[in-house]
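S.K.: Structure: coords.txt, compact mmCIF, C-alpha atoms.
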```
# COMPACT_ATOMS: atom_id res chain seq x y z
CA MET A 1127 74.93 81.41 161.38
CA SER A 1128 75.77 79.59 158.19
CA ALA A 1129 78.03 81.26 155.65
CA THR A 1130 79.57 80.40 152.31
CA VAL A 1131 83.10 81.30 151.31
CA LEU A 1132 83.73 81.96 147.64
CA LEU A 1133 87.21 81.94 146.16
CA TYR A 1134 86.84 83.33 142.68
CA ASP A 1135 90.17 83.79 140.94
CA GLU A 1136 92.02 85.95 143.46
CA ARG A 1137 88.86 87.24 145.18
CA GLU A 1138 87.92 85.88 148.58
CA THR A 1139 84.40 86.63 149.83
CA THR A 1140 82.44 85.41 152.84
CA LEU A 1141 78.69 85.49 152.26
CA PRO A 1142 76.73 85.22 155.51
CA GLY A 1143 73.42 83.42 155.29
CA VAL A 1144 74.16 81.83 151.92
CA GLU A 1145 73.82 78.07 151.74
CA ALA A 1146 74.19 75.62 148.88
CA SER A 1147 71.12 73.78 147.75
CA GLY A 1148 72.46 70.46 146.54
CA ASP A 1149 75.09 71.23 143.91
CA ALA A 1150 73.70 74.69 143.22
CA LEU A 1151 74.71 77.93 144.86
CA TRP A 1152 72.11 80.67 144.43
CA LEU A 1153 73.33 84.23 144.95
CA SER A 1154 71.52 87.53 144.82
CA ALA A 1155 72.72 89.87 142.09
CA SER A 1156 74.61 91.97 144.63
CA GLU A 1157 76.25 88.92 146.24
CA LEU A 1158 77.26 87.69 142.80
CA GLU A 1159 78.81 91.01 141.90
CA GLN A 1160 80.63 91.25 145.22
CA ALA A 1161 82.04 87.72 144.96
CA THR A 1162 82.80 87.49 141.24
CA GLY A 1163 82.70 90.94 139.67
CA TRP A 1164 79.91 89.82 137.29
CA LYS A 1165 77.00 92.24 137.31
CA LEU A 1166 73.44 91.40 136.32
CA GLN A 1167 72.29 93.87 133.65
CA SER A 1168 69.62 93.91 130.98
CA GLU A 1169 72.12 92.45 128.45
CA GLY A 1170 73.03 89.62 130.79
CA LEU A 1171 75.94 89.12 133.17
CA CYS A 1172 78.64 91.67 132.46
CA ARG A 1173 82.17 92.23 133.65
CA GLY A 1174 84.48 94.73 131.98
CA ASP A 1175 83.73 94.61 128.26
CA ALA A 1176 82.29 91.11 128.36
CA CYS A 1177 78.59 90.26 128.60
CA VAL A 1178 77.14 86.76 128.74
CA GLY A 1179 73.48 86.07 128.06
CA VAL A 1180 71.69 84.55 131.04
CA ASP A 1181 70.22 81.08 130.57
CA PRO A 1182 66.79 80.97 132.27
CA ALA A 1183 67.91 77.80 134.04
CA TRP A 1184 70.48 79.77 136.07
CA ARG A 1185 68.05 82.45 137.18
CA ASP A 1186 65.11 82.25 139.54
CA GLY A 1187 62.06 84.47 139.98
CA GLU A 1188 63.88 86.69 142.48
CA ASP A 1189 66.77 87.44 140.10
CA ARG A 1190 69.07 85.13 141.95
CA ILE A 1191 71.75 83.43 139.87
CA ASP A 1192 73.12 79.90 140.33
CA VAL A 1193 76.83 80.73 140.18
CA THR A 1194 77.75 77.07 139.65
CA ALA A 1195 75.65 76.82 136.47
CA PHE A 1196 77.14 80.06 135.21
CA ALA A 1197 80.67 78.84 135.96
CA ARG A 1198 80.00 75.54 134.17
CA HIS A 1199 78.80 77.52 131.16
CA MET A 1200 82.10 79.44 131.28
CA ASP A 1201 84.07 76.13 131.51
CA GLN A 1202 85.52 77.18 134.85
CA PRO A 1203 86.74 74.51 137.26
CA ILE A 1204 84.63 74.30 140.43
CA THR A 1205 86.03 72.75 143.58
CA ARG A 1206 84.13 72.51 146.84
CA ASP A 1207 85.09 71.62 150.38
CA ASP A 1208 82.05 71.84 152.64
CA ASN A 1209 81.00 75.52 152.62
CA ILE A 1210 84.08 76.73 150.73
CA TRP A 1211 83.83 76.97 146.95
CA ALA A 1212 86.69 77.71 144.59
CA PHE A 1213 86.17 78.84 141.00
CA GLY A 1214 89.17 79.00 138.70
CA GLU A 1215 89.84 80.16 135.16
CA SER A 1216 88.91 78.07 132.15
CA VAL A 1217 91.57 76.27 130.13
CA SER A 1218 90.87 78.45 127.10
CA ALA A 1219 91.11 81.72 129.07
CA ARG A 1220 94.44 80.66 130.59
CA HIS A 1221 95.72 79.35 127.28
CA ASP A 1222 94.74 82.42 125.27
CA ALA A 1223 96.20 84.81 127.83
CA LEU A 1224 99.60 83.08 127.84
CA PHE A 1225 99.79 82.27 124.13
CA SER A 1226 98.97 85.87 123.14
CA LEU A 1227 102.51 86.43 124.51
CA GLU A 1228 101.28 89.49 126.39
CA ALA A 1229 102.80 88.76 129.79
CA PRO A 1230 99.88 87.90 132.10
CA ASP A 1231 99.63 90.61 134.75
CA PHE A 1232 99.35 89.96 138.47
CA THR A 1233 99.43 91.93 141.71
CA LEU A 1234 101.16 90.52 144.78
CA PRO A 1235 102.56 91.79 148.08
CA ASP A 1236 106.21 92.04 148.97
CA ILE A 1237 107.46 91.07 152.41
CA ASP A 1238 106.35 94.42 153.90
CA GLY A 1239 102.86 94.02 152.48
CA VAL A 1240 103.38 96.61 149.72
CA MET A 1241 101.51 95.57 146.58
CA HIS A 1242 103.31 95.40 143.23
CA SER A 1243 101.92 94.69 139.77
CA LEU A 1244 103.99 93.35 136.94
CA SER A 1245 102.58 96.14 134.78
CA ASP A 1246 104.23 98.72 137.10
CA TYR A 1247 107.47 97.88 135.29
CA ARG A 1248 106.22 98.47 131.74
CA GLY A 1249 108.86 100.39 129.80
CA LYS A 1250 111.72 98.30 131.18
CA LYS A 1251 112.96 94.87 130.33
CA VAL A 1252 111.76 92.56 133.09
CA PHE A 1253 113.39 89.35 134.19
CA LEU A 1254 110.58 87.59 136.06
CA HIS A 1255 111.82 84.65 138.05
CA SER A 1256 110.25 82.28 140.52
CA TRP A 1257 111.66 80.60 143.57
CA GLY A 1258 110.46 78.75 146.64
CA SER A 1259 111.88 78.12 150.10
CA TYR A 1260 111.34 74.38 149.70
CA MET B 413 123.04 85.56 143.87
CA TRP B 414 120.60 87.12 141.45
CA GLN B 415 121.32 90.36 143.30
CA ALA B 416 124.82 90.42 141.80
CA VAL B 417 123.31 90.14 138.31
CA TYR B 418 120.72 92.78 139.16
CA ALA B 419 123.33 95.22 140.47
CA GLU B 420 125.21 94.82 137.23
CA LEU B 421 122.23 95.41 134.89
CA LYS B 422 119.74 97.57 136.78
CA ASP B 423 120.82 100.89 135.29
CA GLN B 424 120.31 99.66 131.74
CA GLY B 425 116.50 99.84 131.55
CA PHE B 426 116.27 96.52 133.34
CA GLU B 427 114.17 95.30 136.26
CA MET B 428 114.21 92.03 138.10
CA VAL B 429 111.06 90.73 139.81
CA ALA B 430 111.20 87.64 142.00
CA VAL B 431 108.07 85.72 142.94
CA ALA B 432 108.14 83.14 145.73
CA PHE B 433 105.57 80.35 145.41
CA ASP B 434 105.18 79.80 149.13
CA THR B 435 101.83 79.07 150.75
CA ALA B 436 103.17 79.83 154.24
CA GLY B 437 104.02 83.33 153.03
CA LYS B 438 106.31 85.56 154.99
CA ALA B 439 107.16 82.86 157.54
CA ALA B 440 108.63 80.73 154.76
CA VAL B 441 110.55 83.37 152.85
CA GLU B 442 111.58 86.09 155.29
CA ALA B 443 114.92 84.61 156.32
CA LYS B 444 115.90 84.18 152.69
CA ILE B 445 114.80 87.64 151.57
CA ARG B 446 116.36 89.50 154.51
CA ALA B 447 119.35 87.21 154.12
CA ALA B 448 121.15 88.22 157.31
CA ASP B 449 123.19 85.03 157.05
CA ILE B 450 124.22 85.59 153.49
CA ALA B 451 127.97 85.42 154.12
CA GLU B 452 127.58 82.15 155.99
CA ARG B 453 125.81 80.25 153.28
CA PRO B 454 127.66 77.02 152.59
CA VAL B 455 129.68 77.01 149.39
CA VAL B 456 128.20 73.61 148.57
CA LEU B 457 125.07 75.53 147.56
CA ALA B 458 127.02 77.52 144.99
CA ARG B 459 128.27 74.30 143.44
CA LEU B 460 124.79 72.75 143.46
CA MET B 461 123.31 75.74 141.71
CA GLY B 462 126.19 76.47 139.37
CA TRP B 463 127.00 79.95 140.64
CA SER B 464 130.47 81.12 139.71
CA GLU B 465 132.91 82.15 142.43
CA ASP B 466 132.65 85.69 141.16
CA LEU B 467 128.84 85.92 141.43
CA TRP B 468 128.84 83.99 144.72
CA ALA B 469 131.32 86.47 146.20
CA ARG B 470 129.13 89.39 145.15
CA GLN B 471 125.92 88.02 146.71
CA ALA B 472 123.90 90.44 148.80
CA PRO B 473 120.33 90.80 150.10
CA PRO B 474 118.01 91.58 147.19
CA THR B 475 117.10 95.18 146.43
CA TYR B 476 114.76 94.19 143.57
CA PRO B 477 111.07 93.49 144.33
CA CYS B 478 110.57 90.10 146.00
CA LEU B 479 106.89 89.21 145.86
CA ILE B 480 105.07 86.49 147.75
CA ASP B 481 102.59 84.27 145.94
CA GLN B 482 100.89 82.09 148.54
CA GLY B 483 98.38 80.69 146.07
CA HIS B 484 100.94 79.83 143.34
CA GLU B 485 98.88 82.02 141.02
CA VAL B 486 101.81 83.15 138.89
CA ALA B 487 102.75 79.50 138.42
CA GLU B 488 99.27 78.88 137.04
CA ARG B 489 99.20 81.95 134.79
CA TYR B 490 102.62 81.21 133.29
CA GLY B 491 102.61 77.42 133.44
CA MET B 492 105.67 77.33 135.69
CA ARG B 493 106.22 73.81 136.96
CA ASN B 494 109.27 74.11 139.16
CA VAL B 495 111.38 76.75 140.80
CA PRO B 496 113.45 78.48 139.73
CA GLN B 497 111.97 79.20 136.33
CA ALA B 498 111.97 82.53 134.55
CA VAL B 499 110.63 84.45 131.61
CA TRP B 500 111.88 87.56 129.81
CA ILE B 501 109.40 90.38 129.21
CA ASP B 502 110.22 93.31 126.95
CA GLU B 503 109.44 97.03 127.39
CA HIS B 504 106.00 96.51 125.82
CA GLY B 505 105.04 93.73 128.20
CA ARG B 506 105.58 90.93 125.68
CA LEU B 507 107.29 87.61 126.28
CA VAL B 508 110.48 87.29 124.25
CA ARG B 509 111.37 83.83 125.49
CA PRO B 510 109.27 80.94 126.82
CA VAL B 511 109.02 80.05 130.47
CA GLU B 512 112.15 78.01 131.13
CA SER B 513 114.67 76.95 133.76
CA ALA B 514 116.63 80.01 134.82
CA GLY B 515 120.09 78.61 134.21
CA THR B 516 119.53 75.64 136.47
CA TYR B 517 121.05 72.26 135.73
CA ASP B 518 119.42 69.25 137.38
CA MET B 519 122.02 68.32 139.98
CA VAL B 520 119.84 65.95 142.00
CA PRO B 521 120.88 62.79 140.13
CA HIS B 522 124.55 63.67 140.68
CA MET B 523 124.62 64.84 144.27
CA ASP B 524 125.57 62.97 147.41
CA ARG B 525 122.32 62.78 149.33
CA GLU B 526 124.01 63.20 152.72
CA THR B 527 126.57 65.92 152.05
CA PHE B 528 125.03 67.48 148.91
CA GLU B 529 128.49 67.40 147.32
CA VAL B 530 128.61 66.98 143.55
CA PRO B 531 131.39 65.47 141.43
CA GLU B 532 133.71 67.85 139.54
CA GLU B 533 132.32 67.04 136.14
CA ALA B 534 128.71 67.75 137.13
CA ALA B 535 129.73 70.93 138.96
CA ALA B 536 131.60 72.12 135.86
CA HIS B 537 128.55 71.47 133.69
CA GLY B 538 126.26 73.27 136.16
CA LEU B 539 128.58 76.27 136.08
CA GLU B 540 128.58 76.26 132.29
CA VAL B 541 124.76 76.16 132.12
CA ARG B 542 124.41 78.98 134.63
CA ASN B 543 127.04 81.18 132.99
CA ALA B 544 125.57 80.67 129.53
CA TYR B 545 122.14 81.69 130.78
CA ILE B 546 123.41 84.81 132.54
CA ASP B 547 125.46 85.78 129.50
CA ALA B 548 122.32 85.41 127.39
CA LEU B 549 120.44 87.67 129.81
CA ARG B 550 123.22 90.27 129.62
CA ASP B 551 123.09 90.07 125.83
CA TRP B 552 119.34 90.76 125.82
CA VAL B 553 119.64 93.70 128.20
CA ARG B 554 122.30 95.16 125.93
CA HIS B 555 120.81 94.46 122.51
CA GLY B 556 117.08 94.26 123.20
CA ALA B 557 115.02 93.00 120.25
CA ASP B 558 118.25 92.50 118.28
CA SER B 559 119.61 90.02 120.80
CA ARG B 560 120.04 86.58 119.29
CA TYR B 561 118.32 85.18 122.39
CA VAL B 562 115.05 86.92 121.59
CA LEU B 563 112.92 84.28 119.88
CA PRO B 564 110.23 84.64 117.19
CA ALA B 565 106.66 84.45 118.50
CA ASP B 566 105.93 81.08 116.88
CA GLU B 567 109.04 79.57 118.39
CA ILE B 568 108.07 80.82 121.85
CA ARG B 569 104.59 79.33 121.53
CA GLN B 570 105.99 76.06 120.29
CA ARG B 571 108.22 75.74 123.32
CA MET B 572 105.47 76.35 125.85
CA SER B 573 102.87 73.82 126.87
CA GLY B 574 99.33 75.04 127.32
CA PRO B 575 97.17 74.12 130.29
CA ARG B 576 95.10 70.94 130.29
CA PRO B 577 91.72 70.68 132.07
CA ASP B 578 93.43 68.86 134.94
CA ASP B 579 95.95 71.70 135.28
CA VAL B 580 93.30 74.35 135.92
CA LEU B 581 91.50 71.94 138.24
CA ALA B 582 94.77 71.34 140.13
CA ALA B 583 95.25 75.11 140.44
CA ASN B 584 91.73 75.34 141.83
CA HIS B 585 92.59 72.78 144.52
CA VAL B 586 95.65 74.88 145.38
CA ARG B 587 93.35 77.93 145.63
CA LEU B 588 91.22 76.02 148.14
CA GLY B 589 94.24 74.52 149.91
CA ARG B 590 95.84 77.91 150.34
CA TYR B 591 92.62 79.30 151.87
CA LEU B 592 92.32 76.38 154.28
CA TYR B 593 96.00 76.72 155.20
CA THR B 594 95.54 80.38 156.11
CA GLN B 595 92.50 79.38 158.22
CA GLY B 596 94.71 76.98 160.20
CA GLU B 597 93.07 73.91 158.63
CA LEU B 598 96.33 72.16 157.83
CA ALA B 599 95.02 68.61 157.34
CA ARG B 600 92.28 69.73 154.97
CA ALA B 601 94.71 72.02 153.16
CA LYS B 602 97.07 69.12 152.58
CA GLN B 603 94.32 67.01 151.03
CA HIS B 604 93.85 69.66 148.37
CA PHE B 605 97.57 70.05 147.72
CA ASN B 606 97.85 66.28 147.37
CA GLU B 607 94.95 66.29 144.94
CA ALA B 608 96.69 69.03 142.94
CA VAL B 609 99.81 66.85 142.74
CA ARG B 610 97.71 63.91 141.57
CA LEU B 611 95.99 65.99 138.88
CA CYS B 612 99.13 67.78 137.73
CA PRO B 613 102.01 65.40 138.40
CA ALA B 614 104.32 67.43 136.15
CA SER B 615 104.26 70.25 138.71
CA TRP B 616 107.25 70.01 141.00
CA ASN B 617 106.10 73.24 142.67
CA TYR B 618 102.97 71.56 143.94
CA ARG B 619 104.79 68.38 144.88
CA ARG B 620 107.57 70.18 146.73
CA GLN B 621 105.15 72.59 148.41
CA SER B 622 102.84 69.78 149.54
CA MET B 623 105.68 68.19 151.52
CA MET B 624 106.59 71.40 153.36
CA LEU B 625 103.36 72.71 154.87
CA ASP B 626 103.87 71.43 158.43
CA ALA B 627 104.96 74.15 160.85
CA ASP B 628 108.26 72.43 161.63
CA ARG B 629 109.27 72.36 157.95
CA VAL B 630 108.11 75.76 156.75
CA GLY B 631 110.94 77.76 155.20
CA GLU B 632 113.37 74.85 155.00
CA LEU B 633 114.97 73.51 151.85
CA ASN B 634 113.78 69.92 151.69
CA GLY B 635 116.78 67.61 151.65
CA GLY B 636 114.81 64.89 153.40
CA GLU B 637 114.10 61.31 152.45
CA ASP B 638 110.62 62.23 151.26
CA PHE B 639 112.07 64.61 148.68
CA PHE B 640 114.46 62.04 147.25
CA ALA B 641 111.76 59.35 147.26
CA ALA B 642 109.45 61.69 145.31
CA PHE B 643 112.29 62.62 142.95
CA ASP B 644 113.09 58.97 142.23
CA ALA B 645 109.43 58.03 141.76
CA ASN B 646 108.71 60.84 139.29
CA ARG B 647 111.62 60.82 136.89
CA GLN B 648 109.22 60.93 133.95
CA TYR B 649 108.44 64.55 134.86
CA PRO B 650 111.48 66.66 133.99
CA TYR B 651 112.80 68.48 137.04
CA TYR B 652 114.96 71.17 135.46
CA PRO B 653 114.74 70.78 131.70
CA GLU B 654 117.69 72.77 130.41
CA ALA B 655 116.89 76.07 128.69
CA ASP B 656 117.65 75.81 124.98
CA LEU B 657 119.83 78.84 124.21
CA GLY B 658 120.52 77.73 120.65
CA LEU B 659 120.44 80.60 118.24
CA ALA B 660 117.14 81.68 116.74
CA GLU B 661 116.75 81.12 112.99
CA ALA B 662 117.89 84.15 111.05
```
Take the structure I supplied and represent it as structure tokens, if you would.

M.R.:
Amino acid sequence: MSATVLLYDERETTLPGVEASGDALWLSASELEQATGWKLQSEGLCRGDACVGVDPAWRDGEDRIDVTAFARHMDQPITRDDNIWAFGESVSARHDALFSLEAPDFTLPDIDGVMHSLSDYRGKKVFLHSWGSY
Amino acid sequence: MWQAVYAELKDQGFEMVAVAFDTAGKAAVEAKIRAADIAERPVVLARLMGWSEDLWARQAPPTYPCLIDQGHEVAERYGMRNVPQAVWIDEHGRLVRPVESAGTYDMVPHMDRETFEVPEEAAAHGLEVRNAYIDALRDWVRHGADSRYVLPADEIRQRMSGPRPDDVLAANHVRLGRYLYTQGELARAKQHFNEAVRLCPASWNYRRQSMMLDADRVGELNGGEDFFAAFDANRQYPYYPEADLGLAEA
């Protein structure tokens, strides 16, 4: 059976039975919410405190949303390899987050698989440093 | 080596968090984090990285959190373009310095490409850069907001470069490449890493990572011909721009 994989920020979702139609990717409201966190409500598409009005061009008669059109509206980069689609953050979202000087938060595993968030260390001075084996 | 600095400062309201940008994950980083061979590490590495004899002698396996970032997501969020780079974050979660080289001096132009030995003069400069950076870190831990190394917000912003459209697109290719890598699709993964390097040539993380995805190279420090060829061909993209520790304006 065909399936589409969506990589949306740090979310990874496999959607069985979903296929692209040309450059568009139509998702039901529940698939969209599962894959992206954006929920279809009367005000539009909402996530956290943010709501975005829905352009009729992104929505069909069955309340399906073309996630590619929505992402283009949000200035998100879209990269596709066959049935795998990646959606990143917009330049302005990344820029504003960093230049606010609030340290961007993240959650990652350590070597034993235990998850840590940067914000766990609030209240201490944190020296955040990167390295790589290469 | 950072462990020695951590041991010294950890009881002063200080935490150290390391993030490894390594798409192969645990397989790439485990040996270095567990560091069973720590006493056997060649001293030439200390000279290359500017670690003093004192800090080198006190090295131990890390007890601070060592996180694994297979998708280089922290690199994207913070605009980190090589490793090691660092940033200082205060008790309120605010940056007090820009993202910058963590006391690293670019030794590649000076080193012997067979033995990795560096001439005395370069080694002395590397040591000076490293010591100055660690002294600055100690000063911040001690004096907090009053440290002369804490920079005004405008100065921090001025020193950081914001993302360009091609940078977020490159990060998106890495997102896809990382997924394909974890699915065992190495050749397809590499295409996306190579595209990320093309879109964001200033990123040495992407370039260095893209060369080390094959199973027989995972976890190794690349001292191969391909590394030096890439280094020589991309001199316009600073490898380890030196952190500017000059005093903030009063």

S.K.: Taking only C-alpha atoms into account, which residues of chain B are within 7 Å of chain A, as a ChimeraX atom specification?

M.R.: /B:425-434,438,440-441,477-481,489-490,495-507,569,574-577,580-581,584-585,587-588,620-621,624,631-634

S.K.: What does the distance between CA of Asp656 (chain B) and CA of Thr516 (chain B) come to in Å, to one decimal place?

M.R.: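 CA of Asp656 (chain B) sits 11.6 Å away from CA of Thr516 (chain B).
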
S.K.: In Å to one decimal, how far is CA of Val1144 (chain A) from CA of Leu1166 (chain A)?

M.R.: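 Atom-to-atom, CA of Leu1166 (chain A) to CA of Val1144 (chain A), that is 18.3 Å.
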
S.K.: Residues near Val553 (chain B), anyone? I mean within 9 Å using only C-alpha atoms, not counting same-chain ones fewer than 3 positions away, as a list in words.

M.R.: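 After dropping sequence-adjacent residues, the list is Lys1251 of chain A; Leu421, Gln424, Gly425, Phe426, Ala548, Leu549, Arg550, Gly556 and Ser559 of chain B.
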
S.K.: Using all atoms listed in the file, pick whichever of A:Ala1155, A:Ala1129, A:Val1193, A:Ala1183 has the shortest atom-to-atom distance to Gly1143 (chain A).

M.R.: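 With all atoms listed in the file as the atom set, the closest residue is A:Ala1129.
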
S.K.: Closest to Gln1167 (chain A) among A:Gly1187, A:Gly1148, A:Pro1142, A:Gly1179, using all atoms listed in the file?

M.R.: A:Gly1179

S.K.: One decimal, in Å: what's the spacing between CA of Gly635 (chain B) and CA of Tyr418 (chain B)?

M.R.: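 So the two atoms, CA of Gly635 (chain B) and CA of Tyr418 (chain B), lie 28.4 Å apart.
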
S.K.: Return the single residue from A:Phe1196, A:Ser1128, A:Asp1208, A:Ala1146 that is closest to Trp1164 (chain A), with distances computed using only C-alpha atoms.

M.R.: A:Phe1196

S.K.: For Ala565 (chain B), which of B:Val586, B:Pro510, B:Met461, B:Lys602 is the closest residue, counting all atoms listed in the file?

M.R.: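 Checking each of B:Val586, B:Pro510, B:Met461, B:Lys602 against Ala565 (chain B), counting all atoms listed in the file, the winner is B:Pro510.
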
S.K.: Hey, what's within 8 Å of Gln471 (chain B) if we count only C-alpha atoms and toss same-chain stuff fewer than 6 positions away? As a PyMOL selection string, please?

M.R.: chain B and resi 413-416+450

S.K.: With all atoms listed in the file as the basis for distance, which of A:Ser1154, A:Gln1160, A:Asn1209, A:Thr1140 is at the shortest distance from Arg1173 (chain A)?

M.R.: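 Among the listed residues, the smallest separation from Arg1173 (chain A) belongs to A:Gln1160.
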
S.K.: For region 522-539 of chain B, I'd like the enclosing box, axis-aligned and padded by 5 Å on every side, reported as JSON with centre and edge lengths in Å to one decimal.

M.R.:
```
{"center_x": 128.0, "center_y": 69.5, "center_z": 143.2, "size_x": 21.4, "size_y": 23.5, "size_z": 29.0}
```

S.K.: Contacts of Ala447 (chain B) at 8 Å or less, counting all atoms listed in the file, minus same-chain residues fewer than 4 places along, as a VMD selection string?

M.R.: chain B and resid 442 to 443 472 to 473

S.K.: Mind rebuilding region 600-613 of chain B with N, CA and C atoms and writing that out as a short mmCIF file (atom, residue, chain, number, x, y, z; two decimals), keeping the file's coordinate frame?

M.R.:
```cif
data_model
loop_
_atom_site.label_atom_id
_atom_site.label_comp_id
_atom_site.auth_asym_id
_atom_site.auth_seq_id
_atom_site.Cartn_x
_atom_site.Cartn_y
_atom_site.Cartn_z
N ARG B 600 93.14 69.57 156.16
CA ARG B 600 92.28 69.73 154.97
C ARG B 600 93.05 70.40 153.84
N ALA B 601 93.89 71.36 154.18
CA ALA B 601 94.71 72.02 153.16
C ALA B 601 95.56 71.00 152.42
N LYS B 602 96.18 70.11 153.19
CA LYS B 602 97.07 69.12 152.58
C LYS B 602 96.33 68.21 151.60
N GLN B 603 95.09 67.86 151.95
CA GLN B 603 94.32 67.01 151.03
C GLN B 603 94.20 67.67 149.66
N HIS B 604 94.01 68.97 149.66
CA HIS B 604 93.85 69.66 148.37
C HIS B 604 95.19 69.79 147.64
N PHE B 605 96.26 70.03 148.37
CA PHE B 605 97.57 70.05 147.72
C PHE B 605 97.90 68.68 147.13
N ASN B 606 97.57 67.63 147.89
CA ASN B 606 97.85 66.28 147.37
C ASN B 606 97.02 65.99 146.13
N GLU B 607 95.80 66.47 146.11
CA GLU B 607 94.95 66.29 144.94
C GLU B 607 95.53 67.07 143.74
N ALA B 608 96.06 68.24 144.02
CA ALA B 608 96.69 69.03 142.94
C ALA B 608 97.88 68.27 142.35
N VAL B 609 98.66 67.63 143.22
CA VAL B 609 99.81 66.85 142.74
C VAL B 609 99.33 65.68 141.89
N ARG B 610 98.25 65.05 142.32
CA ARG B 610 97.71 63.91 141.57
C ARG B 610 97.21 64.36 140.18
N LEU B 611 96.55 65.50 140.14
CA LEU B 611 95.99 65.99 138.88
C LEU B 611 97.06 66.54 137.95
N CYS B 612 98.09 67.11 138.53
CA CYS B 612 99.13 67.78 137.73
C CYS B 612 100.50 67.27 138.19
N PRO B 613 100.78 66.00 137.88
CA PRO B 613 102.01 65.40 138.40
C PRO B 613 103.28 66.04 137.83
#
```
